[in-house]
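K.L.:
The file below is query-v2.cif, mmCIF, C-alpha atoms and all ligand atoms:
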data_start
loop_
_atom_site.group_PDB
_atom_site.id
_atom_site.type_symbol
_atom_site.label_atom_id
_atom_site.label_comp_id
_atom_site.auth_asym_id
_atom_site.auth_seq_id
_atom_site.Cartn_x
_atom_site.Cartn_y
_atom_site.Cartn_z
ATOM 1 C CA MET B 176 103.801 103.587 101.827
ATOM 2 C CA LYS B 177 103.445 100.989 104.582
ATOM 3 C CA LEU B 178 100.164 99.845 106.097
ATOM 4 C CA LYS B 179 99.746 99.068 109.787
ATOM 5 C CA THR B 180 97.737 95.926 109.100
ATOM 6 C CA LYS B 181 99.497 92.633 108.241
ATOM 7 C CA ASP B 182 96.616 91.416 106.065
ATOM 8 C CA LEU B 183 93.842 92.750 103.875
ATOM 9 C CA LEU B 184 90.786 90.547 104.295
ATOM 10 C CA THR B 185 87.824 92.942 104.390
ATOM 11 C CA LEU B 186 89.048 96.621 104.193
ATOM 12 C CA ALA B 187 87.914 97.205 107.783
ATOM 13 C CA GLU B 188 91.626 96.856 108.663
ATOM 14 C CA LEU B 189 92.355 100.256 107.067
ATOM 15 C CA THR B 190 91.940 103.741 108.453
ATOM 16 C CA PRO B 191 90.236 106.314 106.185
ATOM 17 C CA LYS B 192 93.633 108.025 105.781
ATOM 18 C CA GLU B 193 95.332 104.771 104.731
ATOM 19 C CA PHE B 194 92.513 103.994 102.277
ATOM 20 C CA VAL B 195 92.832 107.339 100.518
ATOM 21 C CA GLU B 196 96.645 107.182 100.569
ATOM 22 C CA LEU B 197 96.531 103.712 99.038
ATOM 23 C CA ILE B 198 94.343 104.996 96.224
ATOM 24 C CA ASP B 199 96.642 107.960 95.624
ATOM 25 C CA TYR B 200 99.621 105.596 95.583
ATOM 26 C CA SER B 201 97.790 103.405 93.013
ATOM 27 C CA ILE B 202 97.290 106.449 90.779
ATOM 28 C CA LYS B 203 100.982 107.306 91.156
ATOM 29 C CA LEU B 204 102.072 103.776 90.183
ATOM 30 C CA LYS B 205 99.748 103.901 87.167
ATOM 31 C CA LYS B 206 101.321 107.152 85.946
ATOM 32 C CA GLU B 207 104.831 105.783 86.564
ATOM 33 C CA LEU B 208 104.062 102.641 84.542
ATOM 34 C CA LYS B 209 102.710 104.675 81.649
ATOM 35 C CA LYS B 210 105.806 106.863 81.670
ATOM 36 C CA GLY B 211 108.056 103.873 81.013
ATOM 37 C CA GLY B 212 107.830 101.428 83.902
ATOM 38 C CA ASN B 213 107.765 100.916 87.650
ATOM 39 C CA LYS B 214 110.815 100.640 89.849
ATOM 40 C CA PRO B 215 111.595 97.046 90.950
ATOM 41 C CA ILE B 216 110.453 97.676 94.519
ATOM 42 C CA LEU B 217 109.462 94.030 94.998
ATOM 43 C CA LYS B 218 112.665 92.576 93.535
ATOM 44 C CA ASN B 219 113.201 88.992 94.756
ATOM 45 C CA LYS B 220 109.785 89.007 96.469
ATOM 46 C CA THR B 221 107.236 86.323 95.749
ATOM 47 C CA LEU B 222 103.464 86.034 95.895
ATOM 48 C CA THR B 223 101.661 82.700 96.206
ATOM 49 C CA MET B 224 98.112 82.686 94.870
ATOM 50 C CA ILE B 225 95.557 80.064 95.924
ATOM 51 C CA PHE B 226 92.343 79.726 93.946
ATOM 52 C CA GLN B 227 89.368 77.686 95.144
ATOM 53 C CA LYS B 228 87.225 79.445 92.523
ATOM 54 C CA PRO B 229 87.765 80.491 88.887
ATOM 55 C CA SER B 230 89.191 83.913 88.032
ATOM 56 C CA THR B 231 90.339 85.925 85.034
ATOM 57 C CA ARG B 232 91.071 89.463 86.283
ATOM 58 C CA THR B 233 92.321 88.681 89.791
ATOM 59 C CA ARG B 234 94.702 85.973 88.629
ATOM 60 C CA VAL B 235 96.181 87.934 85.730
ATOM 61 C CA SER B 236 96.395 91.329 87.453
ATOM 62 C CA PHE B 237 98.159 89.938 90.538
ATOM 63 C CA GLU B 238 100.628 87.913 88.484
ATOM 64 C CA ILE B 239 101.468 90.729 86.086
ATOM 65 C CA GLY B 240 101.527 93.232 88.961
ATOM 66 C CA MET B 241 104.230 91.245 90.767
ATOM 67 C CA TYR B 242 106.215 90.971 87.521
ATOM 68 C CA GLN B 243 106.012 94.722 86.869
ATOM 69 C CA LEU B 244 107.373 95.425 90.373
ATOM 70 C CA GLY B 245 110.313 93.051 89.871
ATOM 71 C CA GLY B 246 108.820 90.134 91.833
ATOM 72 C CA TYR B 247 107.349 86.772 90.960
ATOM 73 C CA ALA B 248 103.972 85.102 91.470
ATOM 74 C CA ILE B 249 102.945 81.474 91.464
ATOM 75 C CA ASN B 250 99.441 80.232 90.938
ATOM 76 C CA LEU B 251 97.979 77.262 92.782
ATOM 77 C CA SER B 252 94.613 75.706 92.285
ATOM 78 C CA SER B 253 93.509 74.414 95.684
ATOM 79 C CA ASN B 254 92.679 71.085 93.960
ATOM 80 C CA ASP B 255 96.366 70.612 93.219
ATOM 81 C CA MET B 256 97.390 71.246 96.822
ATOM 82 C CA GLN B 257 97.502 68.843 99.751
ATOM 83 C CA LEU B 258 94.660 70.998 101.147
ATOM 84 C CA SER B 259 92.370 68.998 98.870
ATOM 85 C CA ARG B 260 93.532 65.798 100.654
ATOM 86 C CA GLY B 261 92.836 67.185 104.093
ATOM 87 C CA GLU B 262 96.057 68.988 105.072
ATOM 88 C CA SER B 263 95.120 71.662 107.596
ATOM 89 C CA ILE B 264 95.013 75.386 106.870
ATOM 90 C CA GLU B 265 97.388 75.841 109.796
ATOM 91 C CA ASP B 266 100.071 73.606 108.270
ATOM 92 C CA THR B 267 99.475 75.067 104.795
ATOM 93 C CA ALA B 268 99.861 78.634 106.110
ATOM 94 C CA LYS B 269 103.035 77.762 108.029
ATOM 95 C CA THR B 270 104.509 75.927 105.030
ATOM 96 C CA LEU B 271 103.843 78.756 102.591
ATOM 97 C CA SER B 272 105.233 81.307 105.058
ATOM 98 C CA ARG B 273 108.636 79.563 104.827
ATOM 99 C CA TYR B 274 108.717 80.053 101.038
ATOM 100 C CA THR B 275 106.822 83.137 100.026
ATOM 101 C CA ASP B 276 106.501 86.829 101.002
ATOM 102 C CA CYS B 277 102.725 87.117 100.568
ATOM 103 C CA ILE B 278 99.670 84.884 100.094
ATOM 104 C CA MET B 279 96.629 85.864 98.059
ATOM 105 C CA ALA B 280 93.656 83.517 98.274
ATOM 106 C CA ARG B 281 90.266 83.316 96.572
ATOM 107 C CA VAL B 282 88.041 81.145 98.726
ATOM 108 C CA TYR B 283 84.487 80.098 99.443
ATOM 109 C CA GLU B 284 84.235 80.509 103.228
ATOM 110 C CA HIS B 285 85.681 83.785 104.526
ATOM 111 C CA GLU B 286 86.716 81.996 107.771
ATOM 112 C CA LEU B 287 89.371 80.155 105.787
ATOM 113 C CA LEU B 288 91.098 83.514 105.208
ATOM 114 C CA ASP B 289 90.892 84.315 108.921
ATOM 115 C CA LYS B 290 92.674 81.031 109.629
ATOM 116 C CA LEU B 291 95.299 81.637 106.941
ATOM 117 C CA SER B 292 95.905 85.070 108.417
ATOM 118 C CA GLU B 293 96.222 83.647 111.934
ATOM 119 C CA TYR B 294 98.825 81.036 111.047
ATOM 120 C CA ALA B 295 100.771 82.729 108.227
ATOM 121 C CA ASN B 296 103.703 84.958 109.185
ATOM 122 C CA VAL B 297 103.371 86.765 105.861
ATOM 123 C CA PRO B 298 100.604 89.105 104.632
ATOM 124 C CA VAL B 299 97.387 87.467 103.445
ATOM 125 C CA ILE B 300 95.211 89.184 100.824
ATOM 126 C CA ASN B 301 91.582 88.294 100.132
ATOM 127 C CA GLY B 302 91.192 87.776 96.379
ATOM 128 C CA LEU B 303 87.403 87.275 96.909
ATOM 129 C CA SER B 304 85.467 85.269 99.453
ATOM 130 C CA ASN B 305 81.739 84.568 99.668
ATOM 131 C CA SER B 306 81.521 87.634 101.917
ATOM 132 C CA PHE B 307 83.989 90.249 100.594
ATOM 133 C CA HIS B 308 86.007 91.416 97.584
ATOM 134 C CA PRO B 309 88.265 94.181 98.953
ATOM 135 C CA CYS B 310 90.649 94.273 95.973
ATOM 136 C CA GLN B 311 87.722 95.088 93.697
ATOM 137 C CA THR B 312 86.770 97.982 95.970
ATOM 138 C CA LEU B 313 90.287 99.418 95.879
ATOM 139 C CA ALA B 314 90.186 99.412 92.068
ATOM 140 C CA ASP B 315 86.649 100.810 92.021
ATOM 141 C CA PHE B 316 87.393 103.716 94.363
ATOM 142 C CA MET B 317 90.569 104.439 92.405
ATOM 143 C CA THR B 318 88.373 104.609 89.282
ATOM 144 C CA ILE B 319 85.858 106.870 91.045
ATOM 145 C CA LYS B 320 88.680 109.156 92.208
ATOM 146 C CA GLU B 321 90.046 109.408 88.660
ATOM 147 C CA LYS B 322 86.633 110.498 87.358
ATOM 148 C CA LYS B 323 85.231 112.566 90.235
ATOM 149 C CA LYS B 324 86.130 114.108 93.605
ATOM 150 C CA PHE B 325 85.046 111.927 96.566
ATOM 151 C CA LYS B 326 83.418 114.778 98.476
ATOM 152 C CA GLY B 327 79.611 114.853 98.252
ATOM 153 C CA LEU B 328 79.247 111.792 96.038
ATOM 154 C CA LYS B 329 76.428 109.256 96.139
ATOM 155 C CA ILE B 330 76.782 105.638 95.012
ATOM 156 C CA ALA B 331 73.726 103.597 94.019
ATOM 157 C CA TRP B 332 74.077 99.813 94.271
ATOM 158 C CA ILE B 333 71.396 97.870 92.382
ATOM 159 C CA GLY B 334 70.672 94.128 92.614
ATOM 160 C CA ASP B 335 72.255 91.561 94.908
ATOM 161 C CA GLY B 336 73.703 92.741 98.226
ATOM 162 C CA ASN B 337 76.631 90.378 97.743
ATOM 163 C CA ASN B 338 80.367 90.165 98.511
ATOM 164 C CA VAL B 339 81.249 93.019 96.133
ATOM 165 C CA CYS B 340 78.478 95.142 97.669
ATOM 166 C CA ASN B 341 79.704 94.473 101.232
ATOM 167 C CA SER B 342 83.196 95.632 100.307
ATOM 168 C CA MET B 343 81.880 98.672 98.475
ATOM 169 C CA ILE B 344 79.994 99.679 101.636
ATOM 170 C CA TYR B 345 83.266 99.585 103.568
ATOM 171 C CA GLY B 346 84.851 101.661 100.781
ATOM 172 C CA ALA B 347 82.035 104.208 101.060
ATOM 173 C CA ALA B 348 82.527 104.411 104.826
ATOM 174 C CA LEU B 349 86.297 104.852 104.457
ATOM 175 C CA SER B 350 85.929 107.628 101.899
ATOM 176 C CA GLY B 351 82.849 109.323 103.408
ATOM 177 C CA ILE B 352 80.701 108.696 100.332
ATOM 178 C CA ASP B 353 76.950 108.112 100.704
ATOM 179 C CA MET B 354 75.530 104.852 99.405
ATOM 180 C CA SER B 355 71.999 103.738 98.636
ATOM 181 C CA ILE B 356 71.463 100.020 98.088
ATOM 182 C CA ALA B 357 68.415 98.658 96.255
ATOM 183 C CA THR B 358 67.884 94.911 96.614
ATOM 184 C CA PRO B 359 64.902 92.583 96.685
ATOM 185 C CA LYS B 360 63.852 91.575 100.222
ATOM 186 C CA GLY B 361 66.141 88.831 101.475
ATOM 187 C CA PHE B 362 69.116 89.913 99.340
ATOM 188 C CA GLU B 363 70.368 92.773 101.518
ATOM 189 C CA PRO B 364 74.080 93.228 102.255
ATOM 190 C CA ASP B 365 75.649 92.000 105.499
ATOM 191 C CA LYS B 366 73.905 93.571 108.517
ATOM 192 C CA THR B 367 77.100 94.055 110.539
ATOM 193 C CA VAL B 368 78.878 95.741 107.629
ATOM 194 C CA VAL B 369 75.934 98.129 107.196
ATOM 195 C CA LYS B 370 75.729 98.867 110.929
ATOM 196 C CA GLU B 371 79.481 99.539 111.260
ATOM 197 C CA SER B 372 79.576 101.695 108.122
ATOM 198 C CA LYS B 373 76.571 103.805 109.149
ATOM 199 C CA LYS B 374 78.826 105.290 111.860
ATOM 200 C CA SER B 375 80.926 106.979 109.134
ATOM 201 C CA THR B 376 78.544 107.711 106.267
ATOM 202 C CA ASN B 377 74.913 107.504 105.104
ATOM 203 C CA ILE B 378 73.997 103.985 104.057
ATOM 204 C CA GLU B 379 70.428 103.609 102.853
ATOM 205 C CA LEU B 380 68.703 100.271 102.211
ATOM 206 C CA THR B 381 65.691 100.225 99.888
ATOM 207 C CA THR B 382 63.787 97.844 97.617
ATOM 208 C CA ASP B 383 63.256 100.584 95.007
ATOM 209 C CA PRO B 384 66.058 100.999 92.413
ATOM 210 C CA PHE B 385 64.764 104.486 91.541
ATOM 211 C CA VAL B 386 65.166 105.618 95.155
ATOM 212 C CA ALA B 387 68.782 104.423 95.052
ATOM 213 C CA THR B 388 69.651 106.115 91.755
ATOM 214 C CA LYS B 389 68.073 109.478 92.657
ATOM 215 C CA ASN B 390 70.900 112.049 92.523
ATOM 216 C CA ALA B 391 73.467 109.244 92.239
ATOM 217 C CA ASP B 392 76.905 109.983 90.777
ATOM 218 C CA VAL B 393 77.831 106.311 90.456
ATOM 219 C CA VAL B 394 75.533 103.395 89.576
ATOM 220 C CA VAL B 395 76.894 99.917 90.314
ATOM 221 C CA THR B 396 75.651 96.406 89.856
ATOM 222 C CA ASP B 397 77.012 92.864 89.830
ATOM 223 C CA THR B 398 75.816 89.462 88.734
ATOM 224 C CA PHE B 399 72.572 88.188 90.278
ATOM 225 C CA SER B 400 74.198 84.801 90.694
ATOM 226 C CA SER B 401 77.681 84.617 92.215
ATOM 227 C CA ILE B 402 80.075 81.672 91.998
ATOM 228 C CA HIS B 403 79.009 80.435 95.441
ATOM 229 C CA ASN B 404 75.242 80.701 94.874
ATOM 230 C CA SER B 405 74.988 79.967 91.185
ATOM 231 C CA ASN B 406 71.452 78.982 90.245
ATOM 232 C CA THR B 407 68.918 80.182 87.738
ATOM 233 C CA LYS B 408 65.965 80.287 90.181
ATOM 234 C CA ARG B 409 67.357 83.214 92.154
ATOM 235 C CA ILE B 410 67.667 85.327 88.974
ATOM 236 C CA LYS B 411 63.844 85.453 88.734
ATOM 237 C CA LYS B 412 63.752 87.399 92.009
ATOM 238 C CA PHE B 413 65.708 90.258 90.390
ATOM 239 C CA LEU B 414 64.098 90.615 86.978
ATOM 240 C CA PRO B 415 62.887 92.883 85.540
ATOM 241 C CA LYS B 416 62.931 95.345 88.480
ATOM 242 C CA TYR B 417 66.642 95.303 89.349
ATOM 243 C CA GLN B 418 68.138 95.442 85.855
ATOM 244 C CA VAL B 419 70.304 98.503 85.188
ATOM 245 C CA ASN B 420 68.937 99.800 81.882
ATOM 246 C CA SER B 421 68.835 103.187 80.144
ATOM 247 C CA LYS B 422 65.673 104.231 82.010
ATOM 248 C CA LEU B 423 67.275 103.598 85.396
ATOM 249 C CA MET B 424 70.526 105.310 84.344
ATOM 250 C CA LYS B 425 68.518 108.359 83.267
ATOM 251 C CA SER B 426 67.147 108.671 86.789
ATOM 252 C CA ALA B 427 70.691 109.154 88.151
ATOM 253 C CA LYS B 428 72.692 112.359 87.633
ATOM 254 C CA LYS B 429 73.338 113.246 84.008
ATOM 255 C CA ASN B 430 77.086 112.723 84.391
ATOM 256 C CA ALA B 431 76.765 109.533 86.470
ATOM 257 C CA ILE B 432 79.150 106.697 85.726
ATOM 258 C CA PHE B 433 78.224 103.019 85.506
ATOM 259 C CA MET B 434 80.383 100.371 87.187
ATOM 260 C CA HIS B 435 80.489 96.563 87.210
ATOM 261 C CA CYS B 436 83.311 94.361 88.540
ATOM 262 C CA LEU B 437 82.824 91.780 85.747
ATOM 263 C CA PRO B 438 82.150 89.089 84.700
ATOM 264 C CA ALA B 439 78.795 90.485 83.503
ATOM 265 C CA LYS B 440 75.685 88.888 82.065
ATOM 266 C CA ARG B 441 74.363 91.315 79.472
ATOM 267 C CA GLY B 442 70.570 91.235 79.362
ATOM 268 C CA LEU B 443 70.307 90.179 83.015
ATOM 269 C CA GLU B 444 71.725 92.587 85.626
ATOM 270 C CA VAL B 445 72.597 95.176 82.963
ATOM 271 C CA THR B 446 71.647 95.896 79.372
ATOM 272 C CA SER B 447 74.262 96.126 76.602
ATOM 273 C CA SER B 448 73.233 99.724 76.011
ATOM 274 C CA VAL B 449 74.404 100.633 79.534
ATOM 275 C CA ILE B 450 77.474 98.438 80.027
ATOM 276 C CA ASP B 451 78.780 99.206 76.534
ATOM 277 C CA GLY B 452 77.515 102.802 76.574
ATOM 278 C CA SER B 453 79.263 106.129 77.131
ATOM 279 C CA GLN B 454 78.691 106.254 80.910
ATOM 280 C CA SER B 455 80.319 102.878 81.523
ATOM 281 C CA VAL B 456 83.814 102.833 83.071
ATOM 282 C CA ILE B 457 84.185 99.048 83.280
ATOM 283 C CA TRP B 458 87.469 98.891 81.365
ATOM 284 C CA ASP B 459 89.052 101.434 83.716
ATOM 285 C CA GLU B 460 87.917 99.265 86.633
ATOM 286 C CA VAL B 461 89.509 96.245 84.959
ATOM 287 C CA GLU B 462 92.798 98.089 84.384
ATOM 288 C CA ASN B 463 92.848 99.610 87.850
ATOM 289 C CA ARG B 464 92.841 96.162 89.469
ATOM 290 C CA LEU B 465 96.447 95.984 88.294
ATOM 291 C CA HIS B 466 97.552 99.352 89.664
ATOM 292 C CA SER B 467 95.700 99.222 92.977
ATOM 293 C CA GLN B 468 96.873 95.689 93.767
ATOM 294 C CA LYS B 469 100.459 96.704 93.039
ATOM 295 C CA ALA B 470 100.057 99.533 95.551
ATOM 296 C CA LEU B 471 98.603 97.054 98.025
ATOM 297 C CA LEU B 472 101.370 94.473 97.521
ATOM 298 C CA ALA B 473 104.081 97.121 97.851
ATOM 299 C CA SER B 474 102.448 98.433 101.031
ATOM 300 C CA LEU B 475 102.006 95.047 102.706
ATOM 301 C CA ILE B 476 105.190 93.193 101.773
ATOM 302 C CA ARG B 477 107.901 94.252 104.197
ATOM 303 C CA ALA B 478 111.302 95.225 102.840
HETATM 304 N N1 LIG B 501 86.214 91.066 89.115
HETATM 305 C C1 LIG B 501 86.898 89.924 89.349
HETATM 306 O O1 LIG B 501 87.350 89.639 90.466
HETATM 307 O O2 LIG B 501 87.093 89.168 88.240
HETATM 308 P P1 LIG B 501 87.650 87.674 88.203
HETATM 309 O O3 LIG B 501 86.639 86.790 88.846
HETATM 310 O O4 LIG B 501 87.844 87.395 86.741
HETATM 311 O O5 LIG B 501 88.953 87.619 88.953
HETATM 312 N N1 LIG B 502 79.879 88.451 93.076
HETATM 313 C C1 LIG B 502 80.695 87.745 92.114
HETATM 314 C C2 LIG B 502 81.930 88.534 91.814
HETATM 315 C C3 LIG B 502 82.886 87.892 90.854
HETATM 316 C C4 LIG B 502 84.117 88.698 90.665
HETATM 317 C C5 LIG B 502 81.040 86.373 92.653
HETATM 318 O O1 LIG B 502 81.319 86.227 93.848
HETATM 319 O O2 LIG B 502 81.024 85.422 91.863
#
Using the file provided, produce a representation of the structure as structure tokens.
P.N.:
Amino acid sequence: MKLKTKDLLTLAELTPKEFVELIDYSIKLKKELKKGGNKPILKNKTLTMIFQKPSTRTRVSFEIGMYQLGGYAINLSSNDMQLSRGESIEDTAKTLSRYTDCIMARVYEHELLDKLSEYANVPVINGLSNSFHPCQTLADFMTIKEKKKFKGLKIAWIGDGNNVCNSMIYGAALSGIDMSIATPKGFEPDKTVVKESKKSTNIELTTDPFVATKNADVVVTDTFSSIHNSNTKRIKKFLPKYQVNSKLMKSAKKNAIFMHCLPAKRGLEVTSSVIDGSQSVIWDEVENRLHSQKALLASLIRA
């Protein structure tokens, strides 16, 4: 499949139809791989990855994904680039566009991705910014679709209304799934994202985790302290009320699944009994990063 957008920076670039088709394509590529391997549809294509922040899953799944589709990926820490010595984003984007077929970047400020996208002639993919994590959402909605039908579902987000939460809200809007978000005051998701998404689905904001999990089919959380706002003081604002534990899981539907993008801090945002328990689908989420990003790469990189 081909997407109309050149870049994937937030998910707002996609139509609901494209979003669902991309997920179905991811499931197809997963089945194909398990049957013996994918076709080399990205033969001779290259991906350049820029990391301003650490990563395990994003780095490995993009690199292996390119390899499995017959292409090649190179990994650059921004510290090793001339960017760190003041070369402009504009010149960096134009330089990379002369070498590579796609750029994936994990950055602090989301505006840096907007600039990369403006000056690069090749697709730019957001591998996480302070504001969004669209690739995680693709994998998460693929995982939800493998376990349940989208229609009539309710997602409960518990904890910090962070980058992963913002992207999940866009995912909910694109798939018509209701979402209830429980955060402490001051930790709500992005107002514009919520406002835009409310046009397509029910997005509820609450401070009560039990309101969010009522009748929920999916319970999601993430770290209380992201890479860009890492400090121990903020954690106190979340505990004990916003921890996903067995009691909170019991208040969701009986067959609800538990999701977390990882890395996780057991004993903080989630207990071991939940994240390592029978309702947890975290390892499917991890695996599906690979399949959904391959679908994305194949859909963005022009033949
Ligand atoms: N979930 C996620 O993006 O993991 P990494 O930070 O390890 O890439
Ligand atoms: N919210 C986390 C997600 C890590 C994948 C962060 O930004 O650090």
K.L.:
What are the nearest atom pairs, with distances in Å to one decimal, for all residues of chain B that come at most 12 Å from ligand LIG 502 (chain B), using only C-alpha atoms and all ligand atoms, set out by chain and rising residue number as a Markdown table?
P.N.:
| residue | atom | partner | partner_atom | distance |
| --- | --- | --- | --- | --- |
| B:Gln227 | CA | B:LIG502 | O1 | 11.8 |
| B:Lys228 | CA | B:LIG502 | O2 | 8.6 |
| B:Pro229 | CA | B:LIG502 | O2 | 8.9 |
| B:Ser230 | CA | B:LIG502 | C4 | 7.5 |
| B:Thr231 | CA | B:LIG502 | C4 | 8.8 |
| B:Arg232 | CA | B:LIG502 | C4 | 8.3 |
| B:Thr233 | CA | B:LIG502 | C4 | 8.3 |
| B:Arg234 | CA | B:LIG502 | C4 | 11.1 |
| B:Arg281 | CA | B:LIG502 | O1 | 9.8 |
| B:Val282 | CA | B:LIG502 | O1 | 9.7 |
| B:Tyr283 | CA | B:LIG502 | O1 | 8.9 |
| B:Glu284 | CA | B:LIG502 | O1 | 11.4 |
| B:His285 | CA | B:LIG502 | O1 | 11.8 |
| B:Gly302 | CA | B:LIG502 | C4 | 9.1 |
| B:Leu303 | CA | B:LIG502 | O1 | 6.9 |
| B:Ser304 | CA | B:LIG502 | O1 | 7.0 |
| B:Asn305 | CA | B:LIG502 | O1 | 6.1 |
| B:Ser306 | CA | B:LIG502 | O1 | 8.2 |
| B:Phe307 | CA | B:LIG502 | O1 | 8.3 |
| B:His308 | CA | B:LIG502 | C2 | 7.6 |
| B:Pro309 | CA | B:LIG502 | C4 | 10.8 |
| B:Cys310 | CA | B:LIG502 | C4 | 10.1 |
| B:Gln311 | CA | B:LIG502 | C4 | 7.9 |
| B:Thr312 | CA | B:LIG502 | C4 | 11.0 |
| B:Gly334 | CA | B:LIG502 | N1 | 10.8 |
| B:Asp335 | CA | B:LIG502 | N1 | 8.4 |
| B:Gly336 | CA | B:LIG502 | N1 | 9.1 |
| B:Asn337 | CA | B:LIG502 | N1 | 6.0 |
| B:Asn338 | CA | B:LIG502 | N1 | 5.7 |
| B:Val339 | CA | B:LIG502 | N1 | 5.7 |
| B:Cys340 | CA | B:LIG502 | N1 | 8.2 |
| B:Asn341 | CA | B:LIG502 | N1 | 10.1 |
| B:Ser342 | CA | B:LIG502 | N1 | 10.7 |
| B:Met343 | CA | B:LIG502 | N1 | 11.7 |
| B:Pro364 | CA | B:LIG502 | N1 | 11.9 |
| B:Thr396 | CA | B:LIG502 | N1 | 9.6 |
| B:Asp397 | CA | B:LIG502 | N1 | 6.2 |
| B:Thr398 | CA | B:LIG502 | N1 | 6.0 |
| B:Phe399 | CA | B:LIG502 | N1 | 7.8 |
| B:Ser400 | CA | B:LIG502 | O2 | 7.0 |
| B:Ser401 | CA | B:LIG502 | O2 | 3.5 |
| B:Ile402 | CA | B:LIG502 | O2 | 3.9 |
| B:His403 | CA | B:LIG502 | O1 | 6.4 |
| B:Asn404 | CA | B:LIG502 | O2 | 8.0 |
| B:Ser405 | CA | B:LIG502 | O2 | 8.2 |
| B:Asn406 | CA | B:LIG502 | O2 | 11.6 |
| B:His435 | CA | B:LIG502 | C4 | 9.3 |
| B:Cys436 | CA | B:LIG502 | C4 | 6.1 |
| B:Leu437 | CA | B:LIG502 | C4 | 5.9 |
| B:Pro438 | CA | B:LIG502 | C4 | 6.3 |
| B:Ala439 | CA | B:LIG502 | C3 | 8.8 |
| B:Lys440 | CA | B:LIG502 | C1 | 11.3 |
| B:Glu444 | CA | B:LIG502 | N1 | 11.8 |
| B:Glu460 | CA | B:LIG502 | C4 | 11.9 |
| B:Val461 | CA | B:LIG502 | C4 | 10.9 |
| B:Arg464 | CA | B:LIG502 | C4 | 11.5 |
K.L.:
List as a list in words the protein and nucleic acid residues near region 288-300 of chain B, meaning an atom at most 7 Å away when all atoms listed in the file are counted, but skip any in the same chain fewer than 3 places from it.
P.N.:
Lys181, Asp182, Leu183, Leu184, Ile264, Glu265, Ala268, Lys269, Ser272, Asp276, Cys277, Ile278, Met279, Ala280, His285, Leu475 and Ile476 of chain B
K.L.:
Could you tell me how far CA of Asp459 (chain B) sits from CA of Phe433 (chain B), in Å to one decimal place?
P.N.:
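Interatomic distance here is 11.1 Å.
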K.L.:
By how many Å are CA of Pro415 (chain B) and CA of Leu443 (chain B) apart?
P.N.:
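One can read the CA of Pro415 (chain B) to CA of Leu443 (chain B) distance as 8.3 Å.
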K.L.:
Rank B:Leu197, B:Pro359, B:Ser263, B:Ala314 by their smallest atom-to-atom distance to ligand LIG 501 (chain B), using all atoms listed in the file, and report the top residue only.
P.N.:
B:Ala314
